[in-house]
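Listing of work-v3.cif; format and content: mmCIF, N, CA and C atoms.
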data_coords
#
loop_
_atom_site.label_atom_id
_atom_site.label_comp_id
_atom_site.auth_asym_id
_atom_site.auth_seq_id
_atom_site.Cartn_x
_atom_site.Cartn_y
_atom_site.Cartn_z
N MET A 1 1.41 9.38 9.71
CA MET A 1 0.06 9.41 10.26
C MET A 1 -0.46 10.83 10.37
N GLY A 2 0.43 11.81 10.26
CA GLY A 2 0.05 13.19 10.49
C GLY A 2 -0.46 13.90 9.28
N ARG A 3 -0.03 15.14 9.11
CA ARG A 3 -0.53 15.99 8.04
C ARG A 3 -0.03 15.52 6.67
N TYR A 4 -0.77 15.93 5.65
CA TYR A 4 -0.42 15.57 4.28
C TYR A 4 0.97 16.09 3.91
N GLU A 5 1.32 17.27 4.40
CA GLU A 5 2.59 17.89 4.06
C GLU A 5 3.77 17.06 4.55
N SER A 6 3.57 16.24 5.58
CA SER A 6 4.67 15.46 6.14
C SER A 6 5.06 14.27 5.27
N THR A 7 4.32 13.99 4.22
CA THR A 7 4.68 12.87 3.35
C THR A 7 6.03 13.12 2.68
N TYR A 8 6.43 14.36 2.57
CA TYR A 8 7.74 14.69 2.00
C TYR A 8 8.85 13.99 2.76
N PHE A 9 8.73 13.89 4.08
CA PHE A 9 9.77 13.31 4.90
C PHE A 9 9.83 11.79 4.79
N LEU A 10 8.82 11.18 4.22
CA LEU A 10 8.79 9.73 4.06
C LEU A 10 9.36 9.28 2.72
N SER A 11 9.70 10.21 1.86
CA SER A 11 10.21 9.87 0.53
C SER A 11 11.47 9.02 0.67
N PRO A 12 11.63 7.96 -0.08
CA PRO A 12 10.93 7.55 -1.28
C PRO A 12 9.75 6.62 -1.03
N ALA A 13 9.37 6.41 0.22
CA ALA A 13 8.24 5.54 0.51
C ALA A 13 6.96 6.13 -0.06
N GLN A 14 6.04 5.26 -0.42
CA GLN A 14 4.75 5.70 -0.92
C GLN A 14 3.86 6.00 0.27
N ALA A 15 3.56 7.25 0.49
CA ALA A 15 2.80 7.67 1.67
C ALA A 15 1.32 7.72 1.35
N HIS A 16 0.73 6.57 1.10
CA HIS A 16 -0.71 6.49 0.90
C HIS A 16 -1.15 5.05 1.14
N ILE A 17 -2.43 4.91 1.41
CA ILE A 17 -3.05 3.60 1.52
C ILE A 17 -3.75 3.34 0.20
N THR A 18 -3.54 2.18 -0.37
CA THR A 18 -4.15 1.85 -1.64
C THR A 18 -5.17 0.74 -1.44
N TRP A 19 -6.39 1.01 -1.82
CA TRP A 19 -7.46 -0.01 -1.83
C TRP A 19 -7.58 -0.51 -3.25
N ILE A 20 -7.57 -1.83 -3.43
CA ILE A 20 -7.65 -2.43 -4.77
C ILE A 20 -8.79 -3.44 -4.78
N LEU A 21 -9.64 -3.36 -5.80
CA LEU A 21 -10.70 -4.34 -6.02
C LEU A 21 -10.25 -5.24 -7.16
N LYS A 22 -10.16 -6.53 -6.87
CA LYS A 22 -9.76 -7.50 -7.89
C LYS A 22 -10.93 -8.42 -8.18
N GLY A 23 -11.05 -8.81 -9.44
CA GLY A 23 -12.08 -9.74 -9.85
C GLY A 23 -11.69 -11.16 -9.50
N VAL A 24 -12.56 -12.10 -9.81
CA VAL A 24 -12.31 -13.51 -9.54
C VAL A 24 -11.05 -13.98 -10.26
N ASP A 25 -10.79 -13.42 -11.42
CA ASP A 25 -9.62 -13.80 -12.22
C ASP A 25 -8.33 -13.13 -11.74
N GLY A 26 -8.40 -12.29 -10.70
CA GLY A 26 -7.23 -11.63 -10.15
C GLY A 26 -6.85 -10.34 -10.85
N ILE A 27 -7.65 -9.92 -11.81
CA ILE A 27 -7.36 -8.68 -12.54
C ILE A 27 -7.97 -7.50 -11.79
N GLU A 28 -7.21 -6.42 -11.68
CA GLU A 28 -7.69 -5.24 -10.98
C GLU A 28 -8.86 -4.62 -11.73
N LYS A 29 -9.93 -4.34 -10.99
CA LYS A 29 -11.10 -3.70 -11.57
C LYS A 29 -11.23 -2.25 -11.14
N ASP A 30 -10.74 -1.94 -9.95
CA ASP A 30 -10.84 -0.58 -9.43
C ASP A 30 -9.78 -0.39 -8.36
N TYR A 31 -9.43 0.86 -8.09
CA TYR A 31 -8.50 1.17 -7.02
C TYR A 31 -8.72 2.60 -6.57
N GLU A 32 -8.22 2.89 -5.39
CA GLU A 32 -8.27 4.26 -4.89
C GLU A 32 -7.14 4.44 -3.89
N HIS A 33 -6.51 5.62 -3.93
CA HIS A 33 -5.44 5.95 -3.00
C HIS A 33 -6.00 6.88 -1.92
N PHE A 34 -5.57 6.65 -0.69
CA PHE A 34 -5.97 7.50 0.43
C PHE A 34 -4.71 8.11 1.03
N SER A 35 -4.72 9.42 1.18
CA SER A 35 -3.54 10.15 1.65
C SER A 35 -3.65 10.45 3.14
N PRO A 36 -2.53 10.81 3.76
CA PRO A 36 -2.55 11.20 5.17
C PRO A 36 -3.45 12.40 5.39
N PRO A 37 -3.94 12.61 6.56
CA PRO A 37 -3.69 11.86 7.79
C PRO A 37 -4.38 10.49 7.77
N PHE A 38 -3.59 9.46 8.01
CA PHE A 38 -4.08 8.09 7.89
C PHE A 38 -5.17 7.74 8.90
N LEU A 39 -5.06 8.29 10.11
CA LEU A 39 -6.08 7.97 11.12
C LEU A 39 -7.46 8.45 10.69
N LEU A 40 -7.51 9.54 9.95
CA LEU A 40 -8.79 10.03 9.45
C LEU A 40 -9.22 9.27 8.20
N ALA A 41 -8.28 8.70 7.48
CA ALA A 41 -8.59 7.96 6.25
C ALA A 41 -9.11 6.55 6.53
N LEU A 42 -8.98 6.08 7.77
CA LEU A 42 -9.42 4.72 8.09
C LEU A 42 -10.89 4.48 7.77
N ASP A 43 -11.74 5.45 8.08
CA ASP A 43 -13.17 5.29 7.80
C ASP A 43 -13.44 5.22 6.31
N GLU A 44 -12.71 6.02 5.54
CA GLU A 44 -12.89 5.99 4.09
C GLU A 44 -12.46 4.64 3.52
N VAL A 45 -11.36 4.10 4.02
CA VAL A 45 -10.90 2.79 3.56
C VAL A 45 -11.91 1.72 3.96
N TYR A 46 -12.39 1.79 5.19
CA TYR A 46 -13.37 0.80 5.67
C TYR A 46 -14.62 0.81 4.79
N ASN A 47 -15.08 1.98 4.37
CA ASN A 47 -16.27 2.07 3.53
C ASN A 47 -16.07 1.42 2.16
N LYS A 48 -14.83 1.27 1.73
CA LYS A 48 -14.54 0.62 0.45
C LYS A 48 -14.50 -0.90 0.55
N ILE A 49 -14.31 -1.43 1.75
CA ILE A 49 -14.19 -2.87 1.95
C ILE A 49 -15.58 -3.51 1.87
N ARG A 50 -15.68 -4.56 1.09
CA ARG A 50 -16.95 -5.29 0.99
C ARG A 50 -17.12 -6.12 2.26
N ASN A 51 -18.06 -5.70 3.08
CA ASN A 51 -18.33 -6.38 4.34
C ASN A 51 -19.75 -6.93 4.28
N LEU A 52 -19.88 -8.12 3.76
CA LEU A 52 -21.18 -8.73 3.52
C LEU A 52 -21.86 -9.14 4.83
N ASN A 53 -23.19 -9.17 4.80
CA ASN A 53 -23.94 -9.67 5.94
C ASN A 53 -23.95 -11.19 5.90
N TYR A 54 -23.83 -11.78 7.06
CA TYR A 54 -23.77 -13.24 7.18
C TYR A 54 -24.94 -13.67 8.08
N ARG A 55 -25.74 -14.60 7.61
CA ARG A 55 -26.88 -15.10 8.38
C ARG A 55 -26.62 -16.53 8.84
N TYR A 56 -26.90 -16.77 10.11
CA TYR A 56 -26.75 -18.13 10.62
C TYR A 56 -27.88 -18.43 11.59
N MET A 57 -28.13 -19.71 11.79
CA MET A 57 -29.21 -20.15 12.68
C MET A 57 -28.60 -20.65 13.99
N PRO A 58 -28.74 -19.87 15.07
CA PRO A 58 -28.25 -20.36 16.36
C PRO A 58 -29.14 -21.51 16.85
N ALA A 59 -28.56 -22.36 17.63
CA ALA A 59 -29.31 -23.50 18.17
C ALA A 59 -30.43 -23.00 19.08
N GLY A 60 -31.58 -23.63 18.98
CA GLY A 60 -32.70 -23.33 19.86
C GLY A 60 -33.58 -22.18 19.42
N THR A 61 -33.47 -21.71 18.19
CA THR A 61 -34.32 -20.64 17.72
C THR A 61 -34.71 -20.88 16.26
N LEU A 62 -35.81 -20.25 15.86
CA LEU A 62 -36.28 -20.37 14.48
C LEU A 62 -35.90 -19.15 13.64
N PHE A 63 -35.30 -18.17 14.28
CA PHE A 63 -34.99 -16.92 13.60
C PHE A 63 -33.49 -16.80 13.37
N PRO A 64 -33.11 -16.48 12.15
CA PRO A 64 -31.67 -16.36 11.88
C PRO A 64 -31.09 -15.08 12.47
N GLU A 65 -29.84 -15.18 12.88
CA GLU A 65 -29.08 -14.01 13.33
C GLU A 65 -28.35 -13.44 12.13
N GLU A 66 -28.28 -12.13 12.06
CA GLU A 66 -27.57 -11.49 10.95
C GLU A 66 -26.45 -10.63 11.52
N VAL A 67 -25.24 -10.92 11.09
CA VAL A 67 -24.06 -10.16 11.52
C VAL A 67 -23.23 -9.86 10.28
N GLN A 68 -22.37 -8.86 10.42
CA GLN A 68 -21.47 -8.57 9.31
C GLN A 68 -20.33 -9.59 9.31
N GLN A 69 -19.81 -9.84 8.12
CA GLN A 69 -18.76 -10.83 7.97
C GLN A 69 -17.52 -10.43 8.78
N TYR A 70 -17.17 -9.15 8.78
CA TYR A 70 -16.02 -8.66 9.53
C TYR A 70 -16.49 -7.57 10.48
N ASP A 71 -16.05 -7.62 11.71
CA ASP A 71 -16.39 -6.62 12.70
C ASP A 71 -15.60 -5.34 12.42
N LEU A 72 -16.25 -4.19 12.55
CA LEU A 72 -15.60 -2.91 12.31
C LEU A 72 -14.34 -2.77 13.16
N TYR A 73 -14.41 -3.17 14.41
CA TYR A 73 -13.26 -3.04 15.31
C TYR A 73 -12.05 -3.82 14.79
N ILE A 74 -12.27 -5.02 14.28
CA ILE A 74 -11.18 -5.87 13.79
C ILE A 74 -10.51 -5.23 12.58
N ILE A 75 -11.29 -4.71 11.66
CA ILE A 75 -10.73 -4.10 10.45
C ILE A 75 -9.97 -2.82 10.81
N ARG A 76 -10.55 -2.00 11.68
CA ARG A 76 -9.86 -0.77 12.10
C ARG A 76 -8.57 -1.10 12.82
N GLU A 77 -8.58 -2.13 13.64
CA GLU A 77 -7.37 -2.53 14.37
C GLU A 77 -6.29 -3.00 13.40
N ALA A 78 -6.66 -3.80 12.42
CA ALA A 78 -5.69 -4.29 11.44
C ALA A 78 -5.10 -3.14 10.62
N LEU A 79 -5.94 -2.23 10.18
CA LEU A 79 -5.46 -1.08 9.41
C LEU A 79 -4.57 -0.18 10.26
N SER A 80 -4.97 0.05 11.50
CA SER A 80 -4.17 0.90 12.40
C SER A 80 -2.80 0.27 12.65
N ASN A 81 -2.77 -1.05 12.86
CA ASN A 81 -1.49 -1.72 13.08
C ASN A 81 -0.61 -1.66 11.83
N ALA A 82 -1.20 -1.82 10.66
CA ALA A 82 -0.43 -1.76 9.42
C ALA A 82 0.18 -0.37 9.24
N ILE A 83 -0.56 0.67 9.58
CA ILE A 83 -0.06 2.03 9.45
C ILE A 83 1.00 2.32 10.52
N GLY A 84 0.69 1.97 11.75
CA GLY A 84 1.57 2.30 12.86
C GLY A 84 2.88 1.52 12.88
N HIS A 85 2.87 0.31 12.38
CA HIS A 85 4.06 -0.53 12.44
C HIS A 85 4.80 -0.61 11.11
N GLN A 86 4.39 0.19 10.14
CA GLN A 86 5.06 0.22 8.84
C GLN A 86 6.44 0.84 9.00
N ASP A 87 7.45 0.22 8.41
CA ASP A 87 8.78 0.81 8.39
C ASP A 87 8.89 1.61 7.11
N TYR A 88 8.78 2.92 7.21
CA TYR A 88 8.74 3.77 6.03
C TYR A 88 10.11 3.94 5.38
N ARG A 89 11.13 3.34 5.98
CA ARG A 89 12.45 3.37 5.34
C ARG A 89 12.57 2.29 4.28
N LEU A 90 11.62 1.35 4.25
CA LEU A 90 11.68 0.25 3.30
C LEU A 90 11.05 0.64 1.98
N GLY A 91 11.52 0.02 0.93
CA GLY A 91 10.92 0.23 -0.37
C GLY A 91 11.11 -1.00 -1.23
N ARG A 92 10.04 -1.50 -1.82
CA ARG A 92 10.18 -2.64 -2.71
C ARG A 92 10.76 -2.16 -4.03
N LEU A 93 11.39 -3.08 -4.72
CA LEU A 93 11.97 -2.75 -6.02
C LEU A 93 10.89 -2.19 -6.95
N ALA A 94 9.69 -2.75 -6.89
CA ALA A 94 8.60 -2.27 -7.74
C ALA A 94 8.26 -0.81 -7.40
N ASP A 95 8.35 -0.42 -6.12
CA ASP A 95 8.08 0.96 -5.74
C ASP A 95 9.11 1.90 -6.36
N PHE A 96 10.39 1.51 -6.28
CA PHE A 96 11.43 2.34 -6.88
C PHE A 96 11.25 2.42 -8.39
N ASP A 97 10.96 1.28 -9.01
CA ASP A 97 10.74 1.27 -10.46
C ASP A 97 9.62 2.22 -10.85
N LYS A 98 8.51 2.12 -10.14
CA LYS A 98 7.34 2.94 -10.47
C LYS A 98 7.64 4.43 -10.27
N MET A 99 8.33 4.73 -9.17
CA MET A 99 8.62 6.12 -8.85
C MET A 99 9.62 6.72 -9.83
N LEU A 100 10.66 5.97 -10.16
CA LEU A 100 11.74 6.53 -10.98
C LEU A 100 11.46 6.48 -12.48
N THR A 101 10.80 5.44 -12.96
CA THR A 101 10.58 5.34 -14.40
C THR A 101 9.69 6.47 -14.92
N ASN A 102 8.79 6.96 -14.10
CA ASN A 102 7.94 8.08 -14.52
C ASN A 102 8.73 9.38 -14.67
N LYS A 103 9.89 9.46 -14.03
CA LYS A 103 10.71 10.67 -14.08
C LYS A 103 11.65 10.68 -15.29
N LEU A 104 11.84 9.51 -15.91
CA LEU A 104 12.77 9.42 -17.04
C LEU A 104 12.13 9.93 -18.32
N PRO A 105 12.96 10.36 -19.26
CA PRO A 105 12.43 10.92 -20.52
C PRO A 105 11.58 9.90 -21.28
N GLN A 106 10.56 10.40 -21.97
CA GLN A 106 9.66 9.55 -22.73
C GLN A 106 10.30 8.96 -23.97
N VAL A 107 11.46 9.49 -24.38
CA VAL A 107 12.11 8.97 -25.58
C VAL A 107 12.73 7.59 -25.35
N LEU A 108 12.90 7.21 -24.07
CA LEU A 108 13.44 5.90 -23.75
C LEU A 108 12.32 4.87 -23.80
N ASN A 109 12.65 3.67 -24.26
CA ASN A 109 11.65 2.60 -24.23
C ASN A 109 11.65 1.95 -22.84
N ASP A 110 10.73 1.02 -22.59
CA ASP A 110 10.59 0.42 -21.26
C ASP A 110 11.86 -0.29 -20.80
N LYS A 111 12.50 -1.01 -21.72
CA LYS A 111 13.73 -1.73 -21.36
C LYS A 111 14.83 -0.76 -20.96
N GLN A 112 14.97 0.34 -21.69
CA GLN A 112 15.98 1.33 -21.37
C GLN A 112 15.71 1.98 -20.01
N ARG A 113 14.45 2.24 -19.74
CA ARG A 113 14.08 2.83 -18.43
C ARG A 113 14.42 1.89 -17.29
N LYS A 114 14.07 0.60 -17.44
CA LYS A 114 14.38 -0.37 -16.39
C LYS A 114 15.88 -0.49 -16.17
N ASN A 115 16.65 -0.45 -17.25
CA ASN A 115 18.11 -0.51 -17.11
C ASN A 115 18.64 0.72 -16.37
N LYS A 116 18.09 1.88 -16.68
CA LYS A 116 18.51 3.11 -16.00
C LYS A 116 18.23 3.03 -14.50
N VAL A 117 17.03 2.56 -14.15
CA VAL A 117 16.66 2.44 -12.74
C VAL A 117 17.56 1.43 -12.05
N ARG A 118 17.79 0.28 -12.68
CA ARG A 118 18.66 -0.74 -12.10
C ARG A 118 20.06 -0.19 -11.88
N ASN A 119 20.59 0.51 -12.87
CA ASN A 119 21.93 1.09 -12.75
C ASN A 119 21.99 2.13 -11.63
N LEU A 120 20.96 2.94 -11.53
CA LEU A 120 20.91 3.95 -10.47
C LEU A 120 20.91 3.30 -9.10
N LEU A 121 20.07 2.29 -8.91
CA LEU A 121 20.01 1.62 -7.61
C LEU A 121 21.33 0.93 -7.28
N GLN A 122 21.97 0.32 -8.27
CA GLN A 122 23.27 -0.31 -8.02
C GLN A 122 24.31 0.72 -7.62
N LYS A 123 24.29 1.88 -8.26
CA LYS A 123 25.22 2.96 -7.91
C LYS A 123 24.94 3.46 -6.50
N MET A 124 23.66 3.60 -6.15
CA MET A 124 23.31 4.04 -4.80
C MET A 124 23.74 3.00 -3.77
N ARG A 125 23.67 1.72 -4.10
CA ARG A 125 24.12 0.68 -3.18
C ARG A 125 25.63 0.73 -3.01
N ARG A 126 26.36 0.92 -4.12
CA ARG A 126 27.83 1.01 -4.03
C ARG A 126 28.26 2.22 -3.21
N ASP A 127 27.50 3.30 -3.27
CA ASP A 127 27.80 4.51 -2.50
C ASP A 127 27.23 4.47 -1.09
N SER A 128 26.67 3.33 -0.70
CA SER A 128 26.11 3.11 0.65
C SER A 128 24.94 4.04 0.97
N LEU A 129 24.18 4.43 -0.04
CA LEU A 129 22.98 5.22 0.19
C LEU A 129 21.78 4.33 0.46
N VAL A 130 21.76 3.15 -0.15
CA VAL A 130 20.70 2.17 0.06
C VAL A 130 21.32 0.80 0.24
N ALA A 131 20.55 -0.10 0.82
CA ALA A 131 20.95 -1.49 0.96
C ALA A 131 19.77 -2.34 0.54
N SER A 132 20.03 -3.56 0.10
CA SER A 132 18.93 -4.40 -0.35
C SER A 132 19.07 -5.80 0.22
N LYS A 133 17.92 -6.42 0.41
CA LYS A 133 17.84 -7.81 0.82
C LYS A 133 16.60 -8.36 0.16
N ASP A 134 16.75 -9.44 -0.59
CA ASP A 134 15.65 -10.01 -1.38
C ASP A 134 15.13 -8.93 -2.32
N GLN A 135 13.85 -8.64 -2.28
CA GLN A 135 13.26 -7.62 -3.15
C GLN A 135 12.95 -6.34 -2.39
N THR A 136 13.54 -6.16 -1.19
CA THR A 136 13.26 -4.98 -0.38
C THR A 136 14.51 -4.11 -0.29
N TRP A 137 14.32 -2.84 -0.47
CA TRP A 137 15.42 -1.87 -0.40
C TRP A 137 15.26 -1.04 0.85
N TYR A 138 16.39 -0.72 1.50
CA TYR A 138 16.41 0.05 2.74
C TYR A 138 17.23 1.30 2.52
N LEU A 139 16.81 2.42 3.09
CA LEU A 139 17.65 3.59 3.12
C LEU A 139 18.78 3.32 4.09
N ALA A 140 19.99 3.64 3.71
CA ALA A 140 21.12 3.38 4.57
C ALA A 140 21.05 4.27 5.79
N ASP A 141 21.51 3.74 6.92
CA ASP A 141 21.52 4.53 8.16
C ASP A 141 22.55 5.65 8.04
N SER A 142 22.14 6.84 8.38
CA SER A 142 23.05 8.00 8.29
C SER A 142 23.66 8.29 9.62
#

Turn this file's structure into structure tokens for me.
Amino acid sequence: MGRYESTYFLSPAQAHITWILKGVDGIEKDYEHFSPPFLLALDEVYNKIRNLNYRYMPAGTLFPEEVQQYDLYIIREALSNAIGHQDYRLGRLADFDKMLTNKLPQVLNDKQRKNKVRNLLQKMRRDSLVASKDQTWYLADS
């Protein structure tokens, strides 16, 4: 939640908030990453969220009321809870794959890169550096 420089201490966790816009078909159309300090990034993330106006007719009146679909307080609370209660020691297999495959030489094809990452993670598990359950990897307690 603090300074940008502190993201080093969260490694290998991805220290950013990612906003993704998906189309009706589920295909990503746009994305943006927001870096720490997360508390200051909340407003930027909120501005990216489509918060449509909703009109309804209350009983006993001829004039519609207009409110936003989501209250600012609710969205800020949800984002704050997600940031504050995140266990940064966790990492999904996809996170490790993404982080490590970019570091491997370009002469390897995709299958070779995935095998290298899998072998590395298995070696780290045997050496008690990481532990896994389902698709989530944990840094071993030191």

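Counting from atom N of Leu52 of chain A, the distance to atom CA of Lys22 of chain A is 15.4 Å.
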
>> One decimal, in Å: what's the spacing between atom CA of Leu39 of chain A and atom CA of Ser80 of chain A?
In response: 7.4 Å

Evaluating the PyMOL selection byres (((chain A and resi 45 and name CA) around 12) and name CA) on the displayed file yields which residues, as a PDB file with N, CA and C atoms, in the frame of the given file?
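After the write, out.pdb holds the following:
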ATOM      1  N   HIS A  16       0.730   6.570   1.100  1.00  0.00           N
ATOM      2  CA  HIS A  16      -0.710   6.490   0.900  1.00  0.00           C
ATOM      3  C   HIS A  16      -1.150   5.050   1.140  1.00  0.00           C
ATOM      4  N   ILE A  17      -2.430   4.910   1.410  1.00  0.00           N
ATOM      5  CA  ILE A  17      -3.050   3.600   1.520  1.00  0.00           C
ATOM      6  C   ILE A  17      -3.750   3.340   0.200  1.00  0.00           C
ATOM      7  N   THR A  18      -3.540   2.180  -0.370  1.00  0.00           N
ATOM      8  CA  THR A  18      -4.150   1.850  -1.640  1.00  0.00           C
ATOM      9  C   THR A  18      -5.170   0.740  -1.440  1.00  0.00           C
ATOM     10  N   TRP A  19      -6.390   1.010  -1.820  1.00  0.00           N
ATOM     11  CA  TRP A  19      -7.460  -0.010  -1.830  1.00  0.00           C
ATOM     12  C   TRP A  19      -7.580  -0.510  -3.250  1.00  0.00           C
ATOM     13  N   ILE A  20      -7.570  -1.830  -3.430  1.00  0.00           N
ATOM     14  CA  ILE A  20      -7.650  -2.430  -4.770  1.00  0.00           C
ATOM     15  C   ILE A  20      -8.790  -3.440  -4.780  1.00  0.00           C
ATOM     16  N   LEU A  21      -9.640  -3.360  -5.800  1.00  0.00           N
ATOM     17  CA  LEU A  21     -10.700  -4.340  -6.020  1.00  0.00           C
ATOM     18  C   LEU A  21     -10.250  -5.240  -7.160  1.00  0.00           C
ATOM     19  N   TYR A  31      -9.430   0.860  -8.090  1.00  0.00           N
ATOM     20  CA  TYR A  31      -8.500   1.170  -7.020  1.00  0.00           C
ATOM     21  C   TYR A  31      -8.720   2.600  -6.570  1.00  0.00           C
ATOM     22  N   GLU A  32      -8.220   2.890  -5.390  1.00  0.00           N
ATOM     23  CA  GLU A  32      -8.270   4.260  -4.890  1.00  0.00           C
ATOM     24  C   GLU A  32      -7.140   4.440  -3.890  1.00  0.00           C
ATOM     25  N   HIS A  33      -6.510   5.620  -3.930  1.00  0.00           N
ATOM     26  CA  HIS A  33      -5.440   5.950  -3.000  1.00  0.00           C
ATOM     27  C   HIS A  33      -6.000   6.880  -1.920  1.00  0.00           C
ATOM     28  N   PHE A  34      -5.570   6.650  -0.690  1.00  0.00           N
ATOM     29  CA  PHE A  34      -5.970   7.500   0.430  1.00  0.00           C
ATOM     30  C   PHE A  34      -4.710   8.110   1.030  1.00  0.00           C
ATOM     31  N   SER A  35      -4.720   9.420   1.180  1.00  0.00           N
ATOM     32  CA  SER A  35      -3.540  10.150   1.650  1.00  0.00           C
ATOM     33  C   SER A  35      -3.650  10.450   3.140  1.00  0.00           C
ATOM     34  N   PRO A  36      -2.530  10.810   3.760  1.00  0.00           N
ATOM     35  CA  PRO A  36      -2.550  11.200   5.170  1.00  0.00           C
ATOM     36  C   PRO A  36      -3.450  12.400   5.390  1.00  0.00           C
ATOM     37  N   PHE A  38      -3.590   9.460   8.010  1.00  0.00           N
ATOM     38  CA  PHE A  38      -4.080   8.090   7.890  1.00  0.00           C
ATOM     39  C   PHE A  38      -5.170   7.740   8.900  1.00  0.00           C
ATOM     40  N   LEU A  39      -5.060   8.290  10.110  1.00  0.00           N
ATOM     41  CA  LEU A  39      -6.080   7.970  11.120  1.00  0.00           C
ATOM     42  C   LEU A  39      -7.460   8.450  10.690  1.00  0.00           C
ATOM     43  N   LEU A  40      -7.510   9.540   9.950  1.00  0.00           N
ATOM     44  CA  LEU A  40      -8.790  10.030   9.450  1.00  0.00           C
ATOM     45  C   LEU A  40      -9.220   9.270   8.200  1.00  0.00           C
ATOM     46  N   ALA A  41      -8.280   8.700   7.480  1.00  0.00           N
ATOM     47  CA  ALA A  41      -8.590   7.960   6.250  1.00  0.00           C
ATOM     48  C   ALA A  41      -9.110   6.550   6.530  1.00  0.00           C
ATOM     49  N   LEU A  42      -8.980   6.080   7.770  1.00  0.00           N
ATOM     50  CA  LEU A  42      -9.420   4.720   8.090  1.00  0.00           C
ATOM     51  C   LEU A  42     -10.890   4.480   7.770  1.00  0.00           C
ATOM     52  N   ASP A  43     -11.740   5.450   8.080  1.00  0.00           N
ATOM     53  CA  ASP A  43     -13.170   5.290   7.800  1.00  0.00           C
ATOM     54  C   ASP A  43     -13.440   5.220   6.310  1.00  0.00           C
ATOM     55  N   GLU A  44     -12.710   6.020   5.540  1.00  0.00           N
ATOM     56  CA  GLU A  44     -12.890   5.990   4.090  1.00  0.00           C
ATOM     57  C   GLU A  44     -12.460   4.640   3.520  1.00  0.00           C
ATOM     58  N   TYR A  46     -12.390   1.790   5.190  1.00  0.00           N
ATOM     59  CA  TYR A  46     -13.370   0.800   5.670  1.00  0.00           C
ATOM     60  C   TYR A  46     -14.620   0.810   4.790  1.00  0.00           C
ATOM     61  N   ASN A  47     -15.080   1.980   4.370  1.00  0.00           N
ATOM     62  CA  ASN A  47     -16.270   2.070   3.530  1.00  0.00           C
ATOM     63  C   ASN A  47     -16.070   1.420   2.160  1.00  0.00           C
ATOM     64  N   LYS A  48     -14.830   1.270   1.730  1.00  0.00           N
ATOM     65  CA  LYS A  48     -14.540   0.620   0.450  1.00  0.00           C
ATOM     66  C   LYS A  48     -14.500  -0.900   0.550  1.00  0.00           C
ATOM     67  N   ILE A  49     -14.310  -1.430   1.750  1.00  0.00           N
ATOM     68  CA  ILE A  49     -14.190  -2.870   1.950  1.00  0.00           C
ATOM     69  C   ILE A  49     -15.580  -3.510   1.870  1.00  0.00           C
ATOM     70  N   ARG A  50     -15.680  -4.560   1.090  1.00  0.00           N
ATOM     71  CA  ARG A  50     -16.950  -5.290   0.990  1.00  0.00           C
ATOM     72  C   ARG A  50     -17.120  -6.120   2.260  1.00  0.00           C
ATOM     73  N   ASN A  51     -18.060  -5.700   3.080  1.00  0.00           N
ATOM     74  CA  ASN A  51     -18.330  -6.380   4.340  1.00  0.00           C
ATOM     75  C   ASN A  51     -19.750  -6.930   4.280  1.00  0.00           C
ATOM     76  N   LEU A  72     -16.250  -4.190  12.550  1.00  0.00           N
ATOM     77  CA  LEU A  72     -15.600  -2.910  12.310  1.00  0.00           C
ATOM     78  C   LEU A  72     -14.340  -2.770  13.160  1.00  0.00           C
ATOM     79  N   ILE A  75     -11.290  -4.710  11.660  1.00  0.00           N
ATOM     80  CA  ILE A  75     -10.730  -4.100  10.450  1.00  0.00           C
ATOM     81  C   ILE A  75      -9.970  -2.820  10.810  1.00  0.00           C
ATOM     82  N   ARG A  76     -10.550  -2.000  11.680  1.00  0.00           N
ATOM     83  CA  ARG A  76      -9.860  -0.770  12.100  1.00  0.00           C
ATOM     84  C   ARG A  76      -8.570  -1.100  12.820  1.00  0.00           C
ATOM     85  N   ALA A  78      -6.660  -3.800  12.420  1.00  0.00           N
ATOM     86  CA  ALA A  78      -5.690  -4.290  11.440  1.00  0.00           C
ATOM     87  C   ALA A  78      -5.100  -3.140  10.620  1.00  0.00           C
ATOM     88  N   LEU A  79      -5.940  -2.230  10.180  1.00  0.00           N
ATOM     89  CA  LEU A  79      -5.460  -1.080   9.410  1.00  0.00           C
ATOM     90  C   LEU A  79      -4.570  -0.180  10.260  1.00  0.00           C
ATOM     91  N   SER A  80      -4.970   0.050  11.500  1.00  0.00           N
ATOM     92  CA  SER A  80      -4.170   0.900  12.400  1.00  0.00           C
ATOM     93  C   SER A  80      -2.800   0.270  12.650  1.00  0.00           C
TER      94      SER A  80
END

>> Please enumerate the residues selected by the PyMOL selection byres ((chain A and resi 54) around 7) when evaluated against the supplied file, formatted as a PyMOL selection string.
In response: chain A and resi 51-53+55-56+65-69
